[in-house]
file start-v1.txt (compact mmCIF, C-alpha atoms and all ligand atoms)
# COMPACT_ATOMS: atom_id res chain seq x y z
CA MET A 1 13.91 5.80 0.78
CA ILE A 2 11.46 7.32 -1.73
CA THR A 3 10.49 10.96 -1.52
CA THR A 4 8.48 12.99 -3.97
CA LYS A 5 8.14 16.74 -3.51
CA ASP A 6 5.40 18.76 -5.12
CA LEU A 7 5.33 16.30 -8.01
CA THR A 8 3.12 17.32 -10.91
CA LYS A 9 2.38 15.73 -14.25
CA VAL A 10 0.31 17.35 -16.92
CA TYR A 11 -0.44 15.31 -20.05
CA ARG A 12 -0.97 17.28 -23.21
CA SER A 13 -2.63 15.60 -26.13
CA ARG A 14 -4.57 17.06 -29.06
CA GLY A 15 -4.69 20.51 -27.51
CA ARG A 16 -6.12 19.20 -24.23
CA GLU A 17 -4.40 19.21 -20.87
CA VAL A 18 -4.98 16.60 -18.17
CA THR A 19 -3.43 17.15 -14.75
CA ALA A 20 -2.71 13.62 -13.56
CA LEU A 21 -0.58 14.67 -10.56
CA ALA A 22 -1.24 17.97 -8.83
CA GLY A 23 1.58 18.39 -6.30
CA VAL A 24 2.19 15.02 -4.68
CA ASP A 25 4.37 14.79 -1.55
CA LEU A 26 5.10 11.20 -0.65
CA HIS A 27 7.55 9.78 1.85
CA VAL A 28 8.25 6.06 1.88
CA ARG A 29 10.61 4.94 4.63
CA GLU A 30 13.32 2.33 4.12
CA GLY A 31 12.08 -1.24 4.63
CA GLU A 32 8.36 -0.53 4.63
CA VAL A 33 5.56 -1.69 2.38
CA TYR A 34 3.70 1.42 1.28
CA GLY A 35 0.42 1.28 -0.59
CA VAL A 36 -1.17 4.00 -2.69
CA VAL A 37 -4.88 3.47 -3.13
CA GLY A 38 -7.50 5.36 -5.09
CA THR A 39 -10.20 4.99 -7.65
CA SER A 40 -9.60 4.83 -11.40
CA GLY A 41 -8.09 8.05 -12.77
CA ALA A 42 -6.79 9.21 -9.38
CA GLY A 43 -3.23 9.32 -10.74
CA LYS A 44 -1.75 6.19 -9.15
CA SER A 45 -0.12 4.74 -12.30
CA THR A 46 1.25 8.13 -13.25
CA LEU A 47 2.76 8.49 -9.78
CA ILE A 48 4.51 5.11 -9.83
CA ARG A 49 5.75 5.68 -13.38
CA CYS A 50 7.15 9.07 -12.35
CA VAL A 51 8.95 7.46 -9.40
CA ASN A 52 11.17 5.45 -11.76
CA MET A 53 11.07 8.08 -14.50
CA LEU A 54 9.25 5.89 -17.01
CA GLU A 55 7.21 9.07 -17.20
CA ARG A 56 8.91 12.47 -16.96
CA PRO A 57 7.25 14.63 -14.29
CA SER A 58 6.23 18.14 -15.40
CA SER A 59 7.70 19.60 -12.19
CA GLY A 60 8.73 18.64 -8.68
CA SER A 61 11.34 16.14 -7.56
CA VAL A 62 11.74 12.39 -7.04
CA THR A 63 14.48 11.06 -4.78
CA VAL A 64 15.15 7.34 -4.42
CA ASP A 65 17.78 6.03 -2.00
CA GLY A 66 19.36 9.46 -1.67
CA LEU A 67 19.61 10.09 -5.41
CA GLU A 68 17.47 12.78 -6.98
CA LEU A 69 16.30 11.11 -10.17
CA THR A 70 14.65 14.26 -11.50
CA ALA A 71 18.08 15.96 -11.45
CA LEU A 72 19.55 13.05 -13.48
CA ALA A 73 16.85 13.23 -16.10
CA GLY A 74 18.71 15.81 -18.18
CA ARG A 75 19.42 15.36 -21.83
CA GLU A 76 23.19 14.98 -21.75
CA HIS A 77 24.65 11.57 -22.35
CA ARG A 78 26.13 11.24 -18.88
CA ALA A 79 22.88 12.13 -17.10
CA GLY A 80 21.07 9.48 -19.18
CA ARG A 81 23.67 6.90 -18.22
CA ASP A 82 23.40 7.78 -14.51
CA LEU A 83 19.63 7.59 -14.68
CA ARG A 84 19.77 4.13 -16.30
CA ALA A 85 22.14 2.96 -13.55
CA ALA A 86 19.85 4.37 -10.85
CA ARG A 87 16.83 2.71 -12.45
CA ARG A 88 18.49 -0.70 -12.22
CA ARG A 89 18.26 -0.37 -8.45
CA ILE A 90 14.47 -0.02 -8.76
CA GLY A 91 12.55 -3.19 -9.64
CA MET A 92 9.11 -2.96 -11.23
CA VAL A 93 6.28 -5.49 -11.28
CA PHE A 94 3.36 -5.04 -13.70
CA GLN A 95 -0.31 -5.99 -13.64
CA HIS A 96 -0.05 -8.06 -16.83
CA PHE A 97 3.37 -9.51 -16.00
CA ASN A 98 5.00 -8.31 -19.28
CA LEU A 99 6.86 -11.61 -19.85
CA LEU A 100 8.27 -12.61 -23.23
CA SER A 101 6.24 -15.61 -24.40
CA SER A 102 8.98 -16.96 -26.68
CA ARG A 103 11.48 -17.18 -23.84
CA THR A 104 11.54 -19.73 -21.03
CA VAL A 105 10.99 -18.65 -17.44
CA GLN A 106 14.74 -18.80 -16.84
CA GLU A 107 15.46 -16.71 -19.94
CA ASN A 108 12.89 -14.12 -18.90
CA VAL A 109 14.64 -13.70 -15.57
CA GLU A 110 18.03 -13.61 -17.32
CA LEU A 111 16.99 -10.75 -19.60
CA PRO A 112 17.86 -7.85 -17.27
CA LEU A 113 21.07 -9.70 -16.33
CA GLU A 114 22.05 -9.77 -20.01
CA ILE A 115 21.50 -6.02 -20.16
CA ILE A 116 23.68 -5.51 -17.06
CA GLY A 117 26.36 -7.51 -18.90
CA LEU A 118 26.70 -10.67 -16.77
CA ASP A 119 28.20 -13.67 -18.57
CA ARG A 120 26.21 -16.81 -19.22
CA THR A 121 27.33 -18.74 -16.16
CA GLN A 122 26.70 -15.80 -13.83
CA ARG A 123 23.29 -15.25 -15.39
CA ARG A 124 22.30 -18.88 -14.97
CA ARG A 125 23.39 -18.96 -11.36
CA LYS A 126 21.63 -15.69 -10.50
CA ALA A 127 18.40 -16.63 -12.32
CA ALA A 128 18.35 -20.02 -10.54
CA GLU A 129 18.76 -18.28 -7.17
CA LEU A 130 15.95 -15.84 -7.95
CA LEU A 131 13.58 -18.56 -9.13
CA ASP A 132 14.29 -20.47 -5.96
CA LEU A 133 13.53 -17.34 -3.93
CA VAL A 134 10.07 -17.01 -5.51
CA GLY A 135 9.33 -20.75 -5.23
CA LEU A 136 9.60 -21.59 -8.93
CA ALA A 137 12.89 -23.50 -9.16
CA ASP A 138 11.08 -26.37 -10.92
CA LYS A 139 9.61 -24.13 -13.66
CA ALA A 140 12.87 -22.75 -15.07
CA ARG A 141 12.44 -24.49 -18.42
CA SER A 142 8.71 -23.83 -18.80
CA TYR A 143 7.31 -21.10 -21.05
CA PRO A 144 5.07 -18.36 -19.64
CA GLY A 145 2.10 -19.85 -21.52
CA GLN A 146 2.41 -23.00 -19.41
CA LEU A 147 2.11 -21.12 -16.09
CA SER A 148 -0.82 -19.95 -13.97
CA GLY A 149 -1.33 -16.20 -13.39
CA GLY A 150 0.20 -16.41 -9.93
CA GLN A 151 3.24 -18.25 -11.25
CA LYS A 152 3.66 -15.69 -14.04
CA GLN A 153 3.64 -12.91 -11.47
CA ARG A 154 6.28 -14.76 -9.44
CA VAL A 155 8.46 -14.81 -12.57
CA GLY A 156 7.78 -11.07 -12.95
CA ILE A 157 8.91 -10.55 -9.36
CA ALA A 158 12.07 -12.69 -9.86
CA ARG A 159 12.90 -10.63 -12.96
CA ALA A 160 12.32 -7.38 -11.04
CA LEU A 161 14.81 -8.54 -8.39
CA ALA A 162 17.59 -9.32 -10.90
CA GLY A 163 19.46 -6.04 -10.39
CA ASP A 164 19.41 -6.49 -6.57
CA PRO A 165 17.12 -3.49 -6.18
CA LYS A 166 16.57 -1.75 -2.87
CA VAL A 167 13.14 -0.67 -4.00
CA LEU A 168 10.37 -2.63 -5.66
CA LEU A 169 7.52 -0.81 -7.40
CA SER A 170 4.34 -2.78 -7.98
CA ASP A 171 1.73 -1.51 -10.44
CA GLU A 172 -1.51 -3.37 -9.57
CA ALA A 173 0.50 -6.63 -9.42
CA THR A 174 -2.43 -8.66 -8.13
CA SER A 175 -5.35 -7.06 -9.98
CA ALA A 176 -5.46 -9.81 -12.61
CA LEU A 177 -5.35 -12.61 -10.02
CA ASP A 178 -8.04 -14.47 -8.07
CA PRO A 179 -8.30 -13.82 -4.30
CA GLU A 180 -6.32 -16.88 -3.21
CA THR A 181 -3.49 -16.26 -5.68
CA THR A 182 -3.55 -12.59 -4.67
CA ARG A 183 -2.97 -13.61 -1.06
CA SER A 184 -0.03 -15.84 -1.98
CA VAL A 185 1.63 -13.17 -4.18
CA LEU A 186 1.13 -10.54 -1.46
CA GLY A 187 2.63 -13.03 1.02
CA LEU A 188 5.66 -13.35 -1.26
CA LEU A 189 6.06 -9.56 -1.43
CA ARG A 190 5.86 -9.40 2.36
CA ASP A 191 8.47 -12.19 2.73
CA LEU A 192 10.84 -10.46 0.30
CA ASN A 193 10.35 -7.20 2.15
CA ARG A 194 11.35 -8.88 5.41
CA GLN A 195 14.11 -11.19 4.11
CA LEU A 196 15.83 -8.71 1.82
CA GLY A 197 14.90 -5.48 3.60
CA LEU A 198 13.27 -4.47 0.32
CA THR A 199 11.24 -1.26 0.33
CA VAL A 200 8.00 -1.84 -1.58
CA LEU A 201 5.80 0.88 -3.09
CA LEU A 202 2.62 -0.57 -4.54
CA ILE A 203 -0.43 0.92 -6.13
CA THR A 204 -3.81 -0.72 -5.98
CA HIS A 205 -7.50 0.05 -6.16
CA GLU A 206 -8.24 -2.67 -3.58
CA MET A 207 -8.45 -1.84 0.12
CA ASP A 208 -7.86 -5.52 0.90
CA VAL A 209 -4.35 -5.29 -0.56
CA ILE A 210 -3.59 -2.37 1.76
CA LYS A 211 -5.06 -4.25 4.70
CA THR A 212 -3.12 -7.45 4.00
CA VAL A 213 0.36 -6.25 3.30
CA CYS A 214 1.00 -2.54 3.91
CA ASP A 215 2.66 -0.76 6.83
CA SER A 216 1.66 2.66 5.50
CA ALA A 217 -0.76 3.97 2.92
CA ALA A 218 -1.76 7.04 0.98
CA LEU A 219 -5.17 7.79 -0.45
CA MET A 220 -5.19 9.58 -3.82
CA ARG A 221 -8.00 11.57 -5.33
CA GLY A 222 -7.88 13.80 -8.37
CA GLY A 223 -4.08 13.74 -8.64
CA LYS A 224 -3.54 14.59 -4.97
CA VAL A 225 -2.69 12.64 -1.84
CA VAL A 226 -5.59 13.45 0.47
CA GLU A 227 -4.37 11.34 3.39
CA ALA A 228 -1.24 9.37 4.25
CA GLY A 229 0.39 7.68 7.19
CA GLU A 230 1.15 4.46 9.01
CA LEU A 231 -1.91 2.22 9.20
CA THR A 232 -1.72 1.91 12.98
CA ASP A 233 -1.73 5.72 13.31
CA LEU A 234 -4.52 6.15 10.78
CA LEU A 235 -6.68 3.62 12.61
CA ALA A 236 -6.33 5.68 15.75
CA ARG A 237 -7.57 8.83 13.99
CA PRO A 238 -11.33 9.25 14.22
CA ASP A 239 -11.52 11.39 11.08
CA SER A 240 -9.33 9.13 8.90
CA LEU A 241 -10.91 8.32 5.55
CA LEU A 242 -8.57 5.37 5.05
CA ALA A 243 -9.38 3.93 8.47
CA ARG A 244 -13.12 4.17 7.71
CA GLU A 245 -12.59 2.22 4.50
CA LEU A 246 -10.21 -0.29 6.06
CA PHE A 247 -12.60 -0.87 8.85
CA PRO A 248 -16.16 0.10 7.96
CA LEU A 249 -18.60 0.21 10.85
CA GLY A 250 -21.53 1.53 8.85
CA ASP A 251 -23.91 -1.31 9.72
CA PHE A 252 -23.56 -0.92 13.45
CA GLY A 253 -26.49 0.54 15.38
CA ALA A 254 -26.51 4.30 15.99
CA GLY A 255 -27.76 4.02 19.61
CA HIS A 256 -30.73 5.41 21.52
CA PRO A 257 -31.62 8.99 22.51
CA GLY A 258 -30.34 10.02 25.95
CA HIS A 259 -27.34 7.68 25.69
CA THR A 260 -23.67 8.21 24.81
CA VAL A 261 -22.35 6.17 21.92
CA LEU A 262 -18.62 5.38 21.89
CA GLU A 263 -16.46 3.89 19.21
CA ILE A 264 -13.57 2.03 20.78
CA THR A 265 -10.55 0.99 18.72
CA PHE A 266 -8.00 -1.41 20.16
CA GLN A 267 -4.79 -2.69 18.67
CA GLY A 268 -2.27 -5.38 19.58
CA ASP A 269 -2.08 -6.12 23.31
CA SER A 270 -4.97 -3.98 24.46
CA SER A 271 -7.34 -6.20 22.44
CA ALA A 272 -6.97 -8.88 25.10
CA GLN A 273 -8.23 -6.68 27.89
CA PRO A 274 -11.77 -7.34 29.03
CA PHE A 275 -12.40 -3.62 29.16
CA VAL A 276 -16.16 -3.74 28.80
CA SER A 277 -16.72 -5.87 31.88
CA GLN A 278 -14.10 -3.84 33.82
CA LEU A 279 -15.95 -0.65 32.95
CA ALA A 280 -19.34 -2.11 33.93
CA ARG A 281 -17.96 -3.38 37.25
CA THR A 282 -15.97 -0.27 38.17
CA TYR A 283 -18.75 2.23 37.45
CA GLN A 284 -21.79 0.01 37.95
CA ILE A 285 -23.23 0.91 34.56
CA ASP A 286 -25.07 -1.12 31.95
CA ILE A 287 -23.19 -1.17 28.70
CA ASN A 288 -24.99 -2.01 25.50
CA ILE A 289 -22.77 -3.38 22.71
CA LEU A 290 -24.09 -2.11 19.36
CA GLY A 291 -21.52 -3.87 17.19
CA ALA A 292 -17.98 -5.19 17.09
CA ALA A 293 -15.46 -6.38 14.54
CA VAL A 294 -11.91 -7.64 14.60
CA GLU A 295 -9.55 -7.55 11.63
CA THR A 296 -5.91 -8.26 10.95
CA ILE A 297 -4.42 -5.13 9.41
CA GLY A 298 -0.76 -5.08 8.43
CA GLY A 299 -0.27 -8.31 10.42
CA ARG A 300 -1.67 -6.69 13.59
CA LEU A 301 -4.93 -7.46 15.29
CA VAL A 302 -7.23 -4.44 15.34
CA GLY A 303 -10.69 -4.36 16.84
CA ARG A 304 -13.48 -1.84 16.83
CA MET A 305 -16.48 -1.83 19.05
CA ARG A 306 -19.44 0.51 19.24
CA VAL A 307 -21.01 0.69 22.69
CA GLU A 308 -23.75 2.71 24.33
CA LEU A 309 -23.58 4.08 27.88
CA PRO A 310 -26.60 5.44 29.75
CA GLY A 311 -26.70 9.24 30.09
CA ALA A 312 -25.35 12.20 28.17
CA HIS A 313 -21.70 12.76 27.20
CA GLN A 314 -21.01 14.98 30.24
CA ASP A 315 -22.30 12.21 32.57
CA ASN A 316 -19.77 9.78 31.10
CA VAL A 317 -16.56 11.80 31.19
CA VAL A 318 -15.05 9.62 33.95
CA PRO A 319 -15.77 6.20 32.32
CA ILE A 320 -14.45 7.56 28.99
CA GLY A 321 -11.27 8.72 30.76
CA PHE A 322 -10.95 5.25 32.30
CA LEU A 323 -11.08 3.61 28.85
CA ARG A 324 -8.50 6.01 27.44
CA GLU A 325 -6.21 5.24 30.38
CA GLN A 326 -6.27 1.60 29.28
CA GLY A 327 -4.62 2.68 26.02
CA LEU A 328 -7.81 2.46 24.00
CA GLN A 329 -8.79 4.90 21.28
CA VAL A 330 -12.21 6.21 22.27
CA ASP A 331 -14.33 8.44 20.04
CA VAL A 332 -17.67 9.83 21.08
CA LEU A 333 -20.21 9.56 18.30
CA ASP A 334 -22.58 12.40 17.57
CA GLN A 335 -25.91 10.59 17.40
CA ARG A 336 -27.61 13.21 15.25
CA ASN A 337 -25.49 12.51 12.19
CA GLY A 338 -23.39 9.48 13.11
CA ALA A 339 -20.19 11.53 12.93
CA VAL A 340 -17.50 11.57 15.56
CA ALA A 341 -18.15 14.48 17.89
N1 LIG B 401 -0.62 9.09 -21.57
C1 LIG B 401 -1.63 9.84 -21.18
N2 LIG B 401 -2.10 10.86 -21.93
C2 LIG B 401 -3.12 11.64 -21.51
N3 LIG B 401 -3.76 11.47 -20.33
C3 LIG B 401 -3.36 10.48 -19.54
C4 LIG B 401 -2.28 9.59 -19.91
N4 LIG B 401 -2.10 8.67 -18.91
C5 LIG B 401 -3.03 8.97 -17.96
N5 LIG B 401 -3.77 10.04 -18.33
C6 LIG B 401 -4.84 10.67 -17.54
O1 LIG B 401 -4.31 11.03 -16.27
C7 LIG B 401 -5.24 10.79 -15.22
C8 LIG B 401 -4.62 9.84 -14.19
O2 LIG B 401 -4.43 8.56 -14.82
P1 LIG B 401 -3.70 7.33 -14.10
O3 LIG B 401 -3.66 6.21 -15.09
O4 LIG B 401 -2.44 7.78 -13.51
O5 LIG B 401 -4.75 7.01 -12.93
P2 LIG B 401 -4.92 5.67 -12.08
O6 LIG B 401 -5.30 6.12 -10.70
O7 LIG B 401 -3.71 4.82 -12.21
O8 LIG B 401 -6.15 4.98 -12.78
P3 LIG B 401 -6.35 3.43 -13.18
O9 LIG B 401 -6.50 2.70 -11.87
O10 LIG B 401 -7.59 3.44 -14.00
O11 LIG B 401 -5.11 3.04 -13.95
C9 LIG B 401 -6.50 10.24 -15.88
O12 LIG B 401 -7.38 11.31 -16.09
C10 LIG B 401 -5.98 9.72 -17.21
O13 LIG B 401 -6.98 9.76 -18.19
call {"tool": "encode", "arguments": {"input": "start-v1.txt", "output": "structure tokens", "more": "lines below"}}
Ligand SMILES: Nc1ncnc2c1ncn2[C@@H]1O[C@H](COP(=O)(O)OP(=O)(O)OP(=O)(O)O)[C@@H](O)[C@H]1O
result
Amino acid sequence: MITTKDLTKVYRSRGREVTALAGVDLHVREGEVYGVVGTSGAGKSTLIRCVNMLERPSSGSVTVDGLELTALAGREHRAGRDLRAARRRIGMVFQHFNLLSSRTVQENVELPLEIIGLDRTQRRRKAAELLDLVGLADKARSYPGQLSGGQKQRVGIARALAGDPKVLLSDEATSALDPETTRSVLGLLRDLNRQLGLTVLLITHEMDVIKTVCDSAALMRGGKVVEAGELTDLLARPDSLLARELFPLGDFGAGHPGHTVLEITFQGDSSAQPFVSQLARTYQIDINILGAAVETIGGRLVGRMRVELPGAHQDNVVPIGFLREQGLQVDVLDQRNGAVA
């Protein structure tokens, strides 16, 4: 649904050049919630602004819903008109809501409908539907100044949906909100994604946002995507940086010399299996549990456990094979440096 190929953006100001995007390849599938995470300055805002051409990329391409926007971004009149039409199918939600304070909630939502050219009755009906969808039907006549942060963001989301977009871009939509309001706004985004089949691309600096709402994620550093994929796949990859941050196990014990330390990741159904006791019974071995944690990631239960088996790695090849046969992700930890061997 959204594809960027070798996307670069170089800002030039006062004789200085800053490379904000250094060849970004991103692929967001239709109907998924995709999160881009990274620290300040990584290039996240630039990326999302290039996706809807608020910012012109220096090179590379952006395709949304089969239409190459970078090819439409020419200077002729017609190209500009086509780009504006394509942009209407892309909704955008901002960190600071960007509502007009002199207009009521209803009028804020009507604004893009005015630009599309709907008449007054059509605008009213559509705005009422959208406010109902975001749970704010009773606030239509209020002004933004009378609303809480979470309510303002709901208005921002209703406004973003006015052009019936297939894609919603969210630029740190919950960064200005408290944790509880963040959860409810993320819940709304998830509901809209499911109900309307809306593809959502969001940027955030918070891992919790990725954990709560995303199907897939990309990690950006220094203008590049250093890792990307579906969360369930990333969690099964022992070397995944995103998985380590989504599910830190740093405080777990590192084990004792002469033992084999395993990190076991289980998802969905396999979490119910009493694999530790099965392993102990089948192979008559004492298993020491060094730590365990369970999290809900992307609506799916994921657990990690660090266990210690007596003996060296080569003595435990059969029990490790047994665990893997149960559908578990098993990584053998190198005790010298705590890394996965
Ligand atoms: N308009 C601009 N002119 C010059 N440099 C810019 C401009 N916008 C961004 N940059 C620079 O580009 C780089 C990437 O910035 P960007 O805002 O995309 O990062 P970010 O990951 O969104 O960070 P933050 O979370 O702080 O917004 C930074 O070095 C930034 O200073």
call {"tool": "residues_near_ligand", "arguments": {"input": "start-v1.txt", "ligand": "ligand LIG 401 (chain B)", "cutoff": "12 Å", "atoms": "all atoms listed in the file", "output": "VMD selection string"}}
result
chain A and resid 8 to 22 36 to 50 54 to 57 94 to 95 170 to 173 175 202 to 206 219 to 225
call {"tool": "residues_around", "arguments": {"input": "start-v1.txt", "residues": "region 278-282 of chain A", "least_positions_apart": "2", "cutoff": "10 Å", "atoms": "all atoms listed in the file", "output": "list in words"}}
result
Gln273, Pro274, Phe275, Val276, Gln284, Ile285, Asp286, Ile287, Leu309, Pro319, Ile320, Phe322 and Leu323 of chain A
call {"tool": "closest_residue", "arguments": {"input": "start-v1.txt", "among": "A:Leu235, A:Val109, A:Ala254, A:Leu301", "to": "Lys152 (chain A)", "atoms": "all atoms listed in the file"}}
result
A:Val109
call {"tool": "atom_distance", "arguments": {"input": "start-v1.txt", "atom1": "CA of Gln329 (chain A)", "atom2": "CA of Gly31 (chain A)"}}
result
27.4 Å
call {"tool": "atom_distance", "arguments": {"input": "start-v1.txt", "atom1": "CA of Ser102 (chain A)", "atom2": "CA of Asp164 (chain A)"}}
result
25.0 Å
call {"tool": "residues_around", "arguments": {"input": "start-v1.txt", "residues": "Pro310 (chain A)", "least_positions_apart": "3", "cutoff": "12 Å", "atoms": "only C-alpha atoms", "output": "list in words"}}
result
Gly255, His256, Pro257, Gly258, His259, Thr260, Val261, Leu262, Ala280, Tyr283, Gln284, Ile285, Asp286, Ile287, Asn288, Ile289, Val307, His313, Gln314, Asp315, Asn316, Val317 and Pro319 of chain A
call {"tool": "closest_residue", "arguments": {"input": "start-v1.txt", "among": "A:Ser59, A:Gln326, A:Thr104, A:Asn193", "to": "Thr265 (chain A)", "atoms": "all atoms listed in the file"}}
result
A:Gln326
call {"tool": "atom_distance", "arguments": {"input": "start-v1.txt", "atom1": "CA of Gly187 (chain A)", "atom2": "CA of Cys214 (chain A)"}}
result
11.0 Å
call {"tool": "residues_around", "arguments": {"input": "start-v1.txt", "residues": "Ile90 (chain A)", "least_positions_apart": "3", "cutoff": "10 Å", "atoms": "only C-alpha atoms", "output": "JSON, numbers by chain"}}
result
{"A": [51, 52, 64, 65, 85, 86, 87, 160, 161, 163, 164, 165, 166, 167, 168, 169, 199, 200]}
call {"tool": "write_last_selection", "arguments": {"input": "start-v1.txt", "atoms": "C-alpha atoms", "output": "short mmCIF file (atom, residue, chain, number, x, y, z; two decimals), in the frame of the given file"}}
result
data_model
loop_
_atom_site.label_atom_id
_atom_site.label_comp_id
_atom_site.auth_asym_id
_atom_site.auth_seq_id
_atom_site.Cartn_x
_atom_site.Cartn_y
_atom_site.Cartn_z
CA VAL A 51 8.95 7.46 -9.40
CA ASN A 52 11.17 5.45 -11.76
CA VAL A 64 15.15 7.34 -4.42
CA ASP A 65 17.78 6.03 -2.00
CA ALA A 85 22.14 2.96 -13.55
CA ALA A 86 19.85 4.37 -10.85
CA ARG A 87 16.83 2.71 -12.45
CA ALA A 160 12.32 -7.38 -11.04
CA LEU A 161 14.81 -8.54 -8.39
CA GLY A 163 19.46 -6.04 -10.39
CA ASP A 164 19.41 -6.49 -6.57
CA PRO A 165 17.12 -3.49 -6.18
CA LYS A 166 16.57 -1.75 -2.87
CA VAL A 167 13.14 -0.67 -4.00
CA LEU A 168 10.37 -2.63 -5.66
CA LEU A 169 7.52 -0.81 -7.40
CA THR A 199 11.24 -1.26 0.33
CA VAL A 200 8.00 -1.84 -1.58
#
